[in-house]
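K.L.:
Dropping a structure here in structure tokens format, bear with me for questions.
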Amino acid sequence: MPKFHHVKRLCAYLLIVAAMLLSVGTASAAITEESGRRVALVIGNSVYKTLPSLPNPANDVEEVASTLRAAGFDVTIGVNVDRIGLEDTVRRFLRSTSNAEAGLIYYSGHGIQVGGQNFIVPVDATLETPYDVETQTMPLDLILNHLKQNSRVQLIFLDACRNNPFNAQKFWMAEKLEPVGATRGLARIDSDLGSLIAFSTEPGQVALDGTGALSPYSESFIKRASEPNKEIRQVLTDVRRDVIALTGGKQVPWENSSLTDSFYFIPAPPPPSVEPMQQVSVPEGAAATKLPIAPPHDETGSALLVTLNQLPKTGKLSFDGKPIDQGAKMPAAALTALTYDSSGVAAGTVGLIGYTVSDPYGQATQGVVAITVSADAGAKLAQLEQDKKIRLADADAYLKTLPRDVDTTIGVGPVEAGLPEVPASATEMTFKVAALPDKGTLRAGDRVIGLGHVLESADIPLLTYEPQIGTENQPFALTLQAANDDLPPATVTFKPALDACDTSAAAPLDLQGVTSGKLPNEIDPDIALPACTDAIKAYPEVERFVYQLGRAQLANRDTKTAFATITKAMDAGHVRAIYELSSLYEFGASVPRDAAKASEIAKGGAAKGDPFALHSYGKALYYGRGTKADQQLGLRLMLQAADLGHTYAMNELGYIFLNGVNVPADPERGIRFYEAGVQRNDIYSLNNLALVYRFGKGAPEDLPKALDLFTRAAEGGQPYAPTNLGRMYRDGIGVVADKAEAVKWLEMGAERGDYWGALDRAMLAKEDGAGADSLATAARYFALATAINMPGSGDPKNQAKAELKTLPSAAKKKAEKTFVAELTAQEQKALPKTKSLDDRLVQLAKATWVKRNPRYDLF
């Protein structure tokens, strides 16, 4: 009975002392880490081709990107990018911004302002003529406006305020020719609610490159953003102080903030994890017993500091063979190496170690170790050692069984890694992230995992990986190391891949898409329909797949079903679906043709920044089609579409300026837009520029250049270029006349649906003489020309139809047999009844042409 009371008194004593120790010095609750997605666009341009090169930006952004990755950002980086490379980099970034918690832009390089707007200058910009800003640079507002629509917080950092490297004094800004004047640096940007705009120097002033590998601003930003638990406004205050000191007061960073919440690059994790009360036994009379103390840790794997606040009153506590004094400080790992000398200490004696574990964020947690001297402690320690061996063996076996490859679909959110649970014997172990994918986001539940972070055993089955858009076929490794134990690491390789629906039916320039996309005619419905149906079943919350199913249905010529599907995608939030629905009204596909309805719908897509809708609604405004004309706004919207790489807009702008449509003609400006399309290998731009050189309109006639451009356009699938080539060969313009070549190209144009190609081919056949084969060929192509002569775009005099009437019936009947041979009996029965042989030929021509599935997207 007395022994029982002694145990009760001992337990009560331990609880009281532990409560006293744990109540001293505990830090206040830490700010929890933000769990939302963080995305960043980091661009550095140093090596300019004609403008002055800059020593720092390429170095700056590599370091900045590393800093942001450590802060949990999924970084899209561009180094020394030309205009097309900038376009591609920006589009990849914009695709990643959907529903982001924070979106960040960091630009280092030449930046200029014209007309109060700021522009990023790619490395191939020359800025020599008034047309160069609109075709060679990218407006910063374009990126920022997209970011505002898709992220809760926007952070913009511009280390781009060098002297304006202008060679021209005026530049076209939409409808205005804006003077450069004596402006220095960048223009002020007012931040919207939830935004912060930071400049490396005051608006209108010039930033310095400094003398080191990094600019003064980037050097300080990297240092200060890496400091833990600093709110962003304090970071920028420190950066300003640093830069002023580094530049001797010549450069003063500036920012404009309307943030409503605190933001931390490196937010404080929860306080260190410590066993609050540990009990260990040591044998009596032992000279040096290693204490089995569980080591503390925190989520981020930060270096923790241990302060020993209380030492046992009896016995001797040592580290590395040396006695320890009260108040001693040591690394957290040293706790596991403490030894206790129980010589002369009576069995049953209890000593206490009280300690504080501090992290770099100013947080602290208390721990207590109760050391009991016991006669049978040796057996207990031996059992603990045996348990540890079992734990390590099980953990080693577990690490060896982790899956080596994990397939992860791009653009569907976090994908479960599917790692198994840690065996029960090893659940007390922790695992350190020794290597991390440098693209994409690793999470454990809602927590973003970084390099060096520590995972509890319960975190392992919760791991997910969200691959970055544009990383297909790029493997990324995650290496896990058992923390505080010398076990071989395990590596899991994530293999990002596109879903089959994306590879078969994605749309070009879709800023909610994940790949470059296909033109409508390039979609194979036999592949795309089942792929997108399966994708919707697997990922019902991804509205992109619904839209792409609608595209597949259009490719399958099922316009009524496609209309319903595309409407569903639009209602679910897919922006490109807005334009697609608008186009169905514009062309009268499955719904009555309605220009006003098409314009009204496209307006919504333009407001959300979709390049196709910007072009479509801008064109409607410019020409007053289906809406009240507003040429100024229409021009600006089409310029925005062109800035995002939409070559349709480039061609429309080229046509407007070349021909002076509602504006004074400026052929050189028009040609610049055609050339921009040619740089992107756009088949329409190739044909349009070829016409300039073929007829010498806007530039001197250059027949060899025209021939080359027409050929490239025709080989790329452009519908009208083959006819233009055929005429050059037919008439011997710039080449030796060659009727066989003319026939080849004219027939290609006719097959692609060009009325004039079909008409010219028919006329050549008619000119061959009265032979039955020649006249039958003429009949076929006159009929085809009539069938594809679309209202408002072909021959208003219906010349082909008139020519068809002049041919003998025998030739027409021979042509009829050729058409019929291409159709099944059922397809023939589906044709409207007619007594006119001419009408029947036209019907047959259209039916056979449609059956061959021409590039209907080209018109």
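Just so we're on the same page: first chain in the structure tokens is A, next is B, and so on; residues restart at 1 for each chain, and ligands are numbered from 1 in the order they show up.
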What's around stretch 306-308 of chain A at 9 Å? Count only C-alpha atoms, leave out sequence neighbours fewer than 6 positions away in its own chain, and write the answer as an mmCIF file with N, CA, C and O atoms, in the first residue's frame.
P.N.:
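Listed below is the output, out.cif:
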```
data_model
loop_
_atom_site.group_PDB
_atom_site.id
_atom_site.type_symbol
_atom_site.label_atom_id
_atom_site.label_comp_id
_atom_site.auth_asym_id
_atom_site.auth_seq_id
_atom_site.Cartn_x
_atom_site.Cartn_y
_atom_site.Cartn_z
ATOM 1 N N ILE A 324 26.802 19.578 -19.142
ATOM 2 C CA ILE A 324 25.938 20.635 -19.680
ATOM 3 C C ILE A 324 25.489 21.527 -18.540
ATOM 4 O O ILE A 324 25.135 21.054 -17.451
ATOM 5 N N ASP A 325 25.488 22.819 -18.777
ATOM 6 C CA ASP A 325 25.016 23.777 -17.787
ATOM 7 C C ASP A 325 23.578 24.169 -18.083
ATOM 8 O O ASP A 325 23.134 24.119 -19.232
ATOM 9 N N GLN A 326 22.884 24.571 -17.034
ATOM 10 C CA GLN A 326 21.528 25.073 -17.233
ATOM 11 C C GLN A 326 21.581 26.321 -18.123
ATOM 12 O O GLN A 326 22.458 27.161 -17.996
ATOM 13 N N GLY A 327 20.629 26.422 -19.058
ATOM 14 C CA GLY A 327 20.605 27.532 -20.013
ATOM 15 C C GLY A 327 21.378 27.253 -21.283
ATOM 16 O O GLY A 327 21.412 28.106 -22.196
ATOM 17 N N ALA A 328 21.996 26.062 -21.353
ATOM 18 C CA ALA A 328 22.783 25.727 -22.554
ATOM 19 C C ALA A 328 21.873 25.675 -23.777
ATOM 20 O O ALA A 328 20.705 25.275 -23.690
ATOM 21 N N LYS A 329 22.440 26.071 -24.919
ATOM 22 C CA LYS A 329 21.707 26.033 -26.190
ATOM 23 C C LYS A 329 22.403 25.057 -27.123
ATOM 24 O O LYS A 329 23.629 24.968 -27.153
ATOM 25 N N MET A 330 21.607 24.337 -27.892
ATOM 26 C CA MET A 330 22.159 23.322 -28.790
ATOM 27 C C MET A 330 21.185 23.064 -29.932
ATOM 28 O O MET A 330 19.995 23.381 -29.832
ATOM 29 N N PRO A 331 21.680 22.484 -31.052
ATOM 30 C CA PRO A 331 20.771 22.093 -32.138
ATOM 31 C C PRO A 331 19.790 21.033 -31.656
ATOM 32 O O PRO A 331 20.090 20.253 -30.733
ATOM 33 N N ALA A 332 18.628 21.000 -32.270
ATOM 34 C CA ALA A 332 17.588 20.057 -31.838
ATOM 35 C C ALA A 332 18.067 18.619 -31.910
ATOM 36 O O ALA A 332 17.721 17.792 -31.053
ATOM 37 N N ALA A 333 18.889 18.310 -32.923
ATOM 38 C CA ALA A 333 19.348 16.924 -33.078
ATOM 39 C C ALA A 333 20.200 16.480 -31.896
ATOM 40 O O ALA A 333 20.330 15.272 -31.625
ATOM 41 N N ALA A 334 20.789 17.435 -31.152
ATOM 42 C CA ALA A 334 21.654 17.074 -30.030
ATOM 43 C C ALA A 334 20.885 16.423 -28.899
ATOM 44 O O ALA A 334 21.468 15.716 -28.056
ATOM 45 N N LEU A 335 19.557 16.650 -28.847
ATOM 46 C CA LEU A 335 18.767 16.020 -27.779
ATOM 47 C C LEU A 335 18.911 14.511 -27.793
ATOM 48 O O LEU A 335 18.929 13.857 -26.744
ATOM 49 N N ILE A 353 14.337 17.118 -17.062
ATOM 50 C CA ILE A 353 14.947 18.026 -18.037
ATOM 51 C C ILE A 353 13.816 18.868 -18.605
ATOM 52 O O ILE A 353 12.865 18.328 -19.179
ATOM 53 N N GLY A 354 13.927 20.159 -18.429
ATOM 54 C CA GLY A 354 12.957 21.062 -19.052
ATOM 55 C C GLY A 354 13.640 21.837 -20.171
ATOM 56 O O GLY A 354 14.738 22.365 -19.976
ATOM 57 N N TYR A 355 13.028 21.889 -21.332
ATOM 58 C CA TYR A 355 13.699 22.550 -22.456
ATOM 59 C C TYR A 355 12.685 23.299 -23.336
ATOM 60 O O TYR A 355 11.483 23.015 -23.322
ATOM 61 N N THR A 356 13.214 24.264 -24.064
ATOM 62 C CA THR A 356 12.420 25.060 -25.003
ATOM 63 C C THR A 356 12.979 24.842 -26.400
ATOM 64 O O THR A 356 14.193 24.915 -26.613
ATOM 65 N N VAL A 357 12.092 24.573 -27.372
ATOM 66 C CA VAL A 357 12.492 24.425 -28.768
ATOM 67 C C VAL A 357 12.022 25.656 -29.532
ATOM 68 O O VAL A 357 10.824 25.956 -29.541
ATOM 69 N N SER A 358 12.962 26.374 -30.144
ATOM 70 C CA SER A 358 12.641 27.604 -30.866
ATOM 71 C C SER A 358 12.886 27.420 -32.357
ATOM 72 O O SER A 358 13.830 26.730 -32.764
#
```
K.L.:
Within 8 Å of A:Leu419, counting only C-alpha atoms, which residues qualify if same-chain residues fewer than 3 places away don't, as a ChimeraX atom specification?
P.N.:
/A:402-403,460-463
K.L.:
Would you save the residues of that selection, restricted to all heavy atoms, as a PDB file, in the first residue's frame?
P.N.:
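Okay, this is what ended up in again-v1.pdb:
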```
ATOM      1  N   LEU A 402       7.789   1.816 -52.186  1.00  0.00           N
ATOM      2  CA  LEU A 402       7.044   2.943 -52.752  1.00  0.00           C
ATOM      3  C   LEU A 402       7.050   2.853 -54.274  1.00  0.00           C
ATOM      4  O   LEU A 402       8.071   2.505 -54.881  1.00  0.00           O
ATOM      5  CB  LEU A 402       7.664   4.273 -52.314  1.00  0.00           C
ATOM      6  CG  LEU A 402       7.503   4.655 -50.846  1.00  0.00           C
ATOM      7  CD1 LEU A 402       8.152   6.001 -50.575  1.00  0.00           C
ATOM      8  CD2 LEU A 402       6.042   4.688 -50.444  1.00  0.00           C
ATOM      9  N   PRO A 403       5.936   3.208 -54.931  1.00  0.00           N
ATOM     10  CA  PRO A 403       5.899   3.150 -56.400  1.00  0.00           C
ATOM     11  C   PRO A 403       6.943   4.073 -56.997  1.00  0.00           C
ATOM     12  O   PRO A 403       7.165   5.184 -56.513  1.00  0.00           O
ATOM     13  CB  PRO A 403       4.476   3.612 -56.747  1.00  0.00           C
ATOM     14  CG  PRO A 403       3.926   4.202 -55.501  1.00  0.00           C
ATOM     15  CD  PRO A 403       4.667   3.656 -54.352  1.00  0.00           C
ATOM     16  N   ILE A 460       1.962  10.898 -45.638  1.00  0.00           N
ATOM     17  CA  ILE A 460       2.422  10.208 -46.851  1.00  0.00           C
ATOM     18  C   ILE A 460       1.265   9.764 -47.751  1.00  0.00           C
ATOM     19  O   ILE A 460       1.268  10.038 -48.955  1.00  0.00           O
ATOM     20  CB  ILE A 460       3.322   9.004 -46.498  1.00  0.00           C
ATOM     21  CG1 ILE A 460       4.494   9.457 -45.627  1.00  0.00           C
ATOM     22  CG2 ILE A 460       3.808   8.311 -47.753  1.00  0.00           C
ATOM     23  CD1 ILE A 460       5.454  10.401 -46.291  1.00  0.00           C
ATOM     24  N   PRO A 461       0.224   9.100 -47.218  1.00  0.00           N
ATOM     25  CA  PRO A 461      -0.882   8.692 -48.109  1.00  0.00           C
ATOM     26  C   PRO A 461      -1.690   9.878 -48.651  1.00  0.00           C
ATOM     27  O   PRO A 461      -2.463   9.709 -49.597  1.00  0.00           O
ATOM     28  CB  PRO A 461      -1.759   7.804 -47.207  1.00  0.00           C
ATOM     29  CG  PRO A 461      -0.919   7.478 -46.021  1.00  0.00           C
ATOM     30  CD  PRO A 461       0.010   8.611 -45.852  1.00  0.00           C
ATOM     31  N   LEU A 462      -1.509  11.060 -48.052  1.00  0.00           N
ATOM     32  CA  LEU A 462      -2.274  12.233 -48.483  1.00  0.00           C
ATOM     33  C   LEU A 462      -1.579  13.011 -49.589  1.00  0.00           C
ATOM     34  O   LEU A 462      -2.140  13.988 -50.097  1.00  0.00           O
ATOM     35  CB  LEU A 462      -2.510  13.173 -47.288  1.00  0.00           C
ATOM     36  CG  LEU A 462      -3.231  12.592 -46.074  1.00  0.00           C
ATOM     37  CD1 LEU A 462      -3.342  13.646 -44.979  1.00  0.00           C
ATOM     38  CD2 LEU A 462      -4.617  12.075 -46.459  1.00  0.00           C
ATOM     39  N   LEU A 463      -0.369  12.608 -49.963  1.00  0.00           N
ATOM     40  CA  LEU A 463       0.400  13.392 -50.926  1.00  0.00           C
ATOM     41  C   LEU A 463      -0.284  13.438 -52.295  1.00  0.00           C
ATOM     42  O   LEU A 463      -0.753  12.426 -52.815  1.00  0.00           O
ATOM     43  CB  LEU A 463       1.801  12.802 -51.086  1.00  0.00           C
ATOM     44  CG  LEU A 463       2.790  13.052 -49.945  1.00  0.00           C
ATOM     45  CD1 LEU A 463       4.109  12.361 -50.226  1.00  0.00           C
ATOM     46  CD2 LEU A 463       3.012  14.545 -49.725  1.00  0.00           C
TER      47      LEU A 463
END
```
K.L.:
Per residue of stretch 461-498 of chain A within 12 Å of stretch 65-78 of chain A, what are the shortest atom pair and its distance in Å to one decimal, counting only C-alpha atoms, with rows by chain and residue number, as a tab-separated table?
P.N.:
```
residue	atom	partner	partner_atom	distance
A:Tyr465	CA	A:Asp74	CA	11.6
A:Glu466	CA	A:Asp74	CA	9.6
A:Pro467	CA	A:Asp74	CA	9.2
A:Gln468	CA	A:Asp74	CA	7.2
A:Ile469	CA	A:Thr76	CA	9.2
A:Gly470	CA	A:Thr76	CA	9.6
A:Thr471	CA	A:Thr76	CA	10.7
```
K.L.:
Restricted to N, CA, C and O atoms, what would the selected residues look like written as an mmCIF file, in the first residue's frame?
P.N.:
```
data_model
loop_
_atom_site.group_PDB
_atom_site.id
_atom_site.type_symbol
_atom_site.label_atom_id
_atom_site.label_comp_id
_atom_site.auth_asym_id
_atom_site.auth_seq_id
_atom_site.Cartn_x
_atom_site.Cartn_y
_atom_site.Cartn_z
ATOM 1 N N TYR A 465 0.138 15.590 -56.276
ATOM 2 C CA TYR A 465 1.023 16.391 -57.128
ATOM 3 C C TYR A 465 0.193 17.000 -58.247
ATOM 4 O O TYR A 465 -0.571 16.297 -58.923
ATOM 5 N N GLU A 466 0.319 18.318 -58.405
ATOM 6 C CA GLU A 466 -0.369 19.026 -59.479
ATOM 7 C C GLU A 466 0.681 19.484 -60.484
ATOM 8 O O GLU A 466 1.428 20.426 -60.212
ATOM 9 N N PRO A 467 0.789 18.811 -61.632
ATOM 10 C CA PRO A 467 1.841 19.171 -62.586
ATOM 11 C C PRO A 467 1.605 20.541 -63.206
ATOM 12 O O PRO A 467 0.458 20.975 -63.357
ATOM 13 N N GLN A 468 2.683 21.197 -63.551
ATOM 14 C CA GLN A 468 2.585 22.497 -64.220
ATOM 15 C C GLN A 468 2.188 22.290 -65.673
ATOM 16 O O GLN A 468 2.608 21.333 -66.323
ATOM 17 N N ILE A 469 1.364 23.197 -66.187
ATOM 18 C CA ILE A 469 0.964 23.133 -67.594
ATOM 19 C C ILE A 469 2.196 23.310 -68.469
ATOM 20 O O ILE A 469 3.048 24.159 -68.204
ATOM 21 N N GLY A 470 2.293 22.485 -69.492
ATOM 22 C CA GLY A 470 3.435 22.553 -70.396
ATOM 23 C C GLY A 470 4.565 21.616 -70.029
ATOM 24 O O GLY A 470 5.646 21.688 -70.626
ATOM 25 N N THR A 471 4.353 20.709 -69.068
ATOM 26 C CA THR A 471 5.442 19.830 -68.630
ATOM 27 C C THR A 471 5.248 18.376 -69.072
ATOM 28 O O THR A 471 5.884 17.479 -68.526
#
```
K.L.:
Which residues come within 9 Å of stretch 263-269 of chain A, counting only C-alpha atoms, excluding same-chain residues fewer than 4 positions away, as a CSV table (one decimal) with all heavy atoms, in the first residue's frame?
P.N.:
```
chain,number,residue,atom,x,y,z
A,30,ALA,N,1.1,30.8,-34.3
A,30,ALA,CA,1.7,31.3,-35.5
A,30,ALA,C,0.7,31.5,-36.6
A,30,ALA,O,-0.4,31.0,-36.5
A,30,ALA,CB,2.7,30.2,-36.1
A,31,ILE,N,1.0,32.4,-37.5
A,31,ILE,CA,0.2,32.6,-38.7
A,31,ILE,C,0.3,31.3,-39.6
A,31,ILE,O,1.3,30.9,-39.9
A,31,ILE,CB,0.6,33.8,-39.5
A,31,ILE,CG1,0.5,35.1,-38.6
A,31,ILE,CG2,-0.2,34.0,-40.8
A,31,ILE,CD1,1.1,36.3,-39.2
A,32,THR,N,-0.9,30.8,-39.9
A,32,THR,CA,-0.9,29.5,-40.6
A,32,THR,C,-0.5,29.7,-42.1
A,32,THR,O,-0.8,30.8,-42.6
A,32,THR,CB,-2.2,28.8,-40.5
A,32,THR,OG1,-3.2,29.7,-41.0
A,32,THR,CG2,-2.6,28.5,-39.1
A,33,GLU,N,0.1,28.7,-42.7
A,33,GLU,CA,0.5,28.8,-44.1
A,33,GLU,C,-0.8,28.8,-45.0
A,33,GLU,O,-1.7,28.1,-44.8
A,33,GLU,CB,1.3,27.6,-44.4
A,33,GLU,CG,1.9,27.7,-45.8
A,33,GLU,CD,3.0,26.6,-46.0
A,33,GLU,OE1,3.4,26.0,-45.1
A,33,GLU,OE2,3.4,26.5,-47.2
A,34,GLU,N,-0.7,29.7,-46.0
A,34,GLU,CA,-1.8,29.8,-46.9
A,34,GLU,C,-1.8,28.5,-47.8
A,34,GLU,O,-0.8,28.1,-48.3
A,34,GLU,CB,-1.6,31.0,-47.8
A,34,GLU,CG,-1.7,32.3,-47.0
A,34,GLU,CD,-1.2,33.5,-47.9
A,34,GLU,OE1,-1.4,33.5,-49.1
A,34,GLU,OE2,-0.5,34.4,-47.3
A,68,LEU,N,11.1,32.1,-55.2
A,68,LEU,CA,9.6,31.9,-55.2
A,68,LEU,C,9.2,30.5,-55.1
A,68,LEU,O,8.2,30.1,-54.5
A,68,LEU,CB,9.1,32.5,-56.5
A,68,LEU,CG,9.2,34.1,-56.6
A,68,LEU,CD1,8.7,34.6,-57.9
A,68,LEU,CD2,8.5,34.8,-55.5
A,70,ALA,N,10.8,28.2,-53.4
A,70,ALA,CA,10.9,27.9,-52.0
A,70,ALA,C,9.8,28.5,-51.2
A,70,ALA,O,9.4,28.0,-50.1
A,70,ALA,CB,12.2,28.5,-51.4
A,71,ALA,N,9.1,29.5,-51.7
A,71,ALA,CA,7.9,30.1,-51.1
A,71,ALA,C,6.6,29.5,-51.5
A,71,ALA,O,5.6,30.0,-51.3
A,71,ALA,CB,7.9,31.6,-51.4
A,72,GLY,N,6.7,28.4,-52.2
A,72,GLY,CA,5.5,27.6,-52.6
A,72,GLY,C,4.9,28.1,-53.9
A,72,GLY,O,3.7,27.7,-54.2
A,153,VAL,N,-5.2,37.5,-55.1
A,153,VAL,CA,-4.1,38.5,-54.8
A,153,VAL,C,-3.2,38.6,-56.0
A,153,VAL,O,-2.8,37.6,-56.6
A,153,VAL,CB,-3.4,38.2,-53.6
A,153,VAL,CG1,-2.2,39.1,-53.3
A,153,VAL,CG2,-4.3,38.1,-52.4
A,225,ALA,N,12.7,38.5,-49.3
A,225,ALA,CA,11.6,37.6,-49.5
A,225,ALA,C,11.9,36.2,-48.9
A,225,ALA,O,10.9,35.4,-48.7
A,225,ALA,CB,11.3,37.5,-51.0
A,226,SER,N,13.2,35.9,-48.7
A,226,SER,CA,13.5,34.6,-48.2
A,226,SER,C,13.5,34.6,-46.7
A,226,SER,O,13.6,33.5,-46.0
A,226,SER,CB,14.9,34.2,-48.6
A,226,SER,OG,15.0,34.1,-50.1
A,227,GLU,N,13.4,35.8,-46.1
A,227,GLU,CA,13.3,35.8,-44.6
A,227,GLU,C,11.9,35.4,-44.1
A,227,GLU,O,10.9,35.9,-44.6
A,227,GLU,CB,13.6,37.3,-44.1
A,227,GLU,CG,15.0,37.7,-44.4
A,227,GLU,CD,15.3,39.1,-44.1
A,227,GLU,OE1,14.4,39.9,-43.8
A,227,GLU,OE2,16.5,39.5,-44.1
A,228,PRO,N,11.9,34.5,-43.1
A,228,PRO,CA,10.7,33.9,-42.7
A,228,PRO,C,9.8,34.8,-41.9
A,228,PRO,O,10.2,35.7,-41.2
A,228,PRO,CB,11.1,32.7,-41.8
A,228,PRO,CG,12.5,33.1,-41.3
A,228,PRO,CD,13.1,33.9,-42.4
A,229,ASN,N,8.5,34.6,-42.1
A,229,ASN,CA,7.5,35.3,-41.3
A,229,ASN,C,7.5,36.8,-41.4
A,229,ASN,O,7.3,37.5,-40.4
A,229,ASN,CB,7.6,34.9,-39.8
A,229,ASN,CG,6.2,35.0,-39.1
A,229,ASN,OD1,5.2,35.0,-39.7
A,229,ASN,ND2,6.3,35.2,-37.8
A,230,LYS,N,7.8,37.3,-42.6
A,230,LYS,CA,7.8,38.7,-42.9
A,230,LYS,C,6.7,39.1,-43.8
A,230,LYS,O,6.6,38.6,-44.9
A,230,LYS,CB,9.1,39.2,-43.5
A,230,LYS,CG,10.1,39.7,-42.5
A,230,LYS,CD,11.2,40.5,-43.1
A,230,LYS,CE,12.1,41.1,-42.0
A,230,LYS,NZ,13.2,41.9,-42.6
A,231,GLU,N,5.8,40.0,-43.4
A,231,GLU,CA,4.7,40.4,-44.2
A,231,GLU,C,5.2,41.2,-45.4
A,231,GLU,O,6.3,41.9,-45.2
A,231,GLU,CB,3.7,41.3,-43.4
A,231,GLU,CG,2.3,41.2,-43.9
A,231,GLU,CD,2.0,42.2,-45.0
A,231,GLU,OE1,2.7,43.3,-45.0
A,231,GLU,OE2,1.2,41.9,-45.8
A,232,ILE,N,4.6,41.1,-46.5
A,232,ILE,CA,5.1,41.7,-47.8
A,232,ILE,C,5.4,43.2,-47.7
A,232,ILE,O,6.4,43.6,-48.2
A,232,ILE,CB,4.2,41.4,-49.0
A,232,ILE,CG1,4.9,41.7,-50.3
A,232,ILE,CG2,2.9,42.1,-48.9
A,232,ILE,CD1,4.2,41.2,-51.5
A,233,ARG,N,4.6,43.9,-47.0
A,233,ARG,CA,4.9,45.3,-46.9
A,233,ARG,C,6.2,45.6,-46.1
A,233,ARG,O,6.9,46.6,-46.4
A,233,ARG,CB,3.7,46.1,-46.3
A,233,ARG,CG,2.6,46.3,-47.4
A,233,ARG,CD,1.2,46.5,-46.9
A,233,ARG,NE,0.6,45.2,-46.4
A,233,ARG,CZ,-0.7,44.9,-46.4
A,233,ARG,NH1,-1.5,45.9,-46.8
A,233,ARG,NH2,-1.1,43.8,-45.9
A,235,VAL,N,8.7,43.4,-46.1
A,235,VAL,CA,9.7,43.0,-47.0
A,235,VAL,C,10.1,44.2,-47.9
A,235,VAL,O,11.3,44.5,-48.1
A,235,VAL,CB,9.2,41.8,-47.9
A,235,VAL,CG1,10.1,41.6,-49.1
A,235,VAL,CG2,9.1,40.6,-47.0
A,259,LEU,N,-3.7,45.9,-50.9
A,259,LEU,CA,-3.9,44.6,-50.3
A,259,LEU,C,-4.8,44.8,-49.1
A,259,LEU,O,-4.7,45.7,-48.4
A,259,LEU,CB,-2.6,44.0,-49.9
A,259,LEU,CG,-1.6,43.6,-51.0
A,259,LEU,CD1,-0.3,43.0,-50.4
A,259,LEU,CD2,-2.2,42.6,-52.0
A,298,ASP,N,9.8,20.6,-37.1
A,298,ASP,CA,8.7,21.4,-37.6
A,298,ASP,C,8.5,21.1,-39.0
A,298,ASP,O,9.2,20.3,-39.7
A,298,ASP,CB,8.9,22.9,-37.4
A,298,ASP,CG,9.9,23.5,-38.4
A,298,ASP,OD1,10.6,22.8,-39.1
A,298,ASP,OD2,9.9,24.8,-38.5
A,299,GLU,N,7.3,21.5,-39.6
A,299,GLU,CA,6.9,21.1,-40.9
A,299,GLU,C,7.9,21.5,-42.0
A,299,GLU,O,8.1,20.8,-43.0
A,299,GLU,CB,5.5,21.8,-41.2
A,299,GLU,CG,4.4,21.2,-40.5
A,299,GLU,CD,3.1,21.8,-41.0
A,299,GLU,OE1,3.1,22.7,-41.8
A,299,GLU,OE2,2.0,21.3,-40.5
A,300,THR,N,8.6,22.6,-41.8
A,300,THR,CA,9.4,23.1,-42.9
A,300,THR,C,10.8,22.6,-42.9
A,300,THR,O,11.7,22.9,-43.7
A,300,THR,CB,9.5,24.6,-42.9
A,300,THR,OG1,10.1,25.1,-41.7
A,300,THR,CG2,8.1,25.2,-43.0
A,360,PRO,N,13.0,29.5,-36.4
A,360,PRO,CA,13.5,30.8,-37.0
A,360,PRO,C,12.4,31.8,-37.1
A,360,PRO,O,12.6,33.0,-37.4
A,360,PRO,CB,14.0,30.4,-38.4
A,360,PRO,CG,14.2,29.0,-38.4
A,360,PRO,CD,13.2,28.4,-37.4
A,361,TYR,N,11.1,31.4,-36.8
A,361,TYR,CA,10.0,32.3,-36.9
A,361,TYR,C,9.6,33.0,-35.6
A,361,TYR,O,8.6,33.7,-35.5
A,361,TYR,CB,8.8,31.6,-37.5
A,361,TYR,CG,9.0,30.8,-38.7
A,361,TYR,CD1,9.5,29.5,-38.7
A,361,TYR,CD2,8.8,31.3,-40.0
A,361,TYR,CE1,9.8,28.8,-39.8
A,361,TYR,CE2,9.0,30.6,-41.1
A,361,TYR,CZ,9.5,29.4,-41.0
A,361,TYR,OH,9.8,28.7,-42.2
A,362,GLY,N,10.4,32.7,-34.6
A,362,GLY,CA,10.2,33.4,-33.3
A,362,GLY,C,9.2,32.6,-32.5
A,362,GLY,O,8.6,33.1,-31.5
A,363,GLN,N,8.9,31.3,-32.9
A,363,GLN,CA,7.9,30.5,-32.1
A,363,GLN,C,8.7,29.5,-31.3
A,363,GLN,O,9.8,29.1,-31.6
A,363,GLN,CB,7.0,29.8,-33.1
A,363,GLN,CG,6.3,30.7,-34.0
A,363,GLN,CD,5.4,29.9,-35.1
A,363,GLN,OE1,4.2,30.1,-35.1
A,363,GLN,NE2,6.1,29.1,-35.8
```
K.L.:
Just the residues within 7 Å of A:Ala507, please, counting only C-alpha atoms, with nothing from its chain fewer than 2 positions along; format it as a list in words.
P.N.:
Ala505, Leu509, Asp510, Gly517, Lys518 and Leu519 of chain A
K.L.:
Could you list, as a PyMOL selection string, every residue within 12 Å of A:Met650, counting only C-alpha atoms and ignoring same-chain residues fewer than 2 positions away?
P.N.:
chain A and resi 134-135+611-612+615+619+635+637-648+652-658+669-680+682-686+688-689
K.L.:
Which residues are close to A:Thr260, i.e. within 10 Å by only C-alpha atoms, leaving aside same-chain residues fewer than 2 positions away? Reply as an MDAnalysis selection string.
P.N.:
chainID A and resid 153 193:195 257:258 262:263
K.L.:
Figure out the distance between atom CA of A:Asn56 and atom CA of A:Leu214, please, to one decimal in Å.
P.N.:
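It comes out at 5.0 Å.
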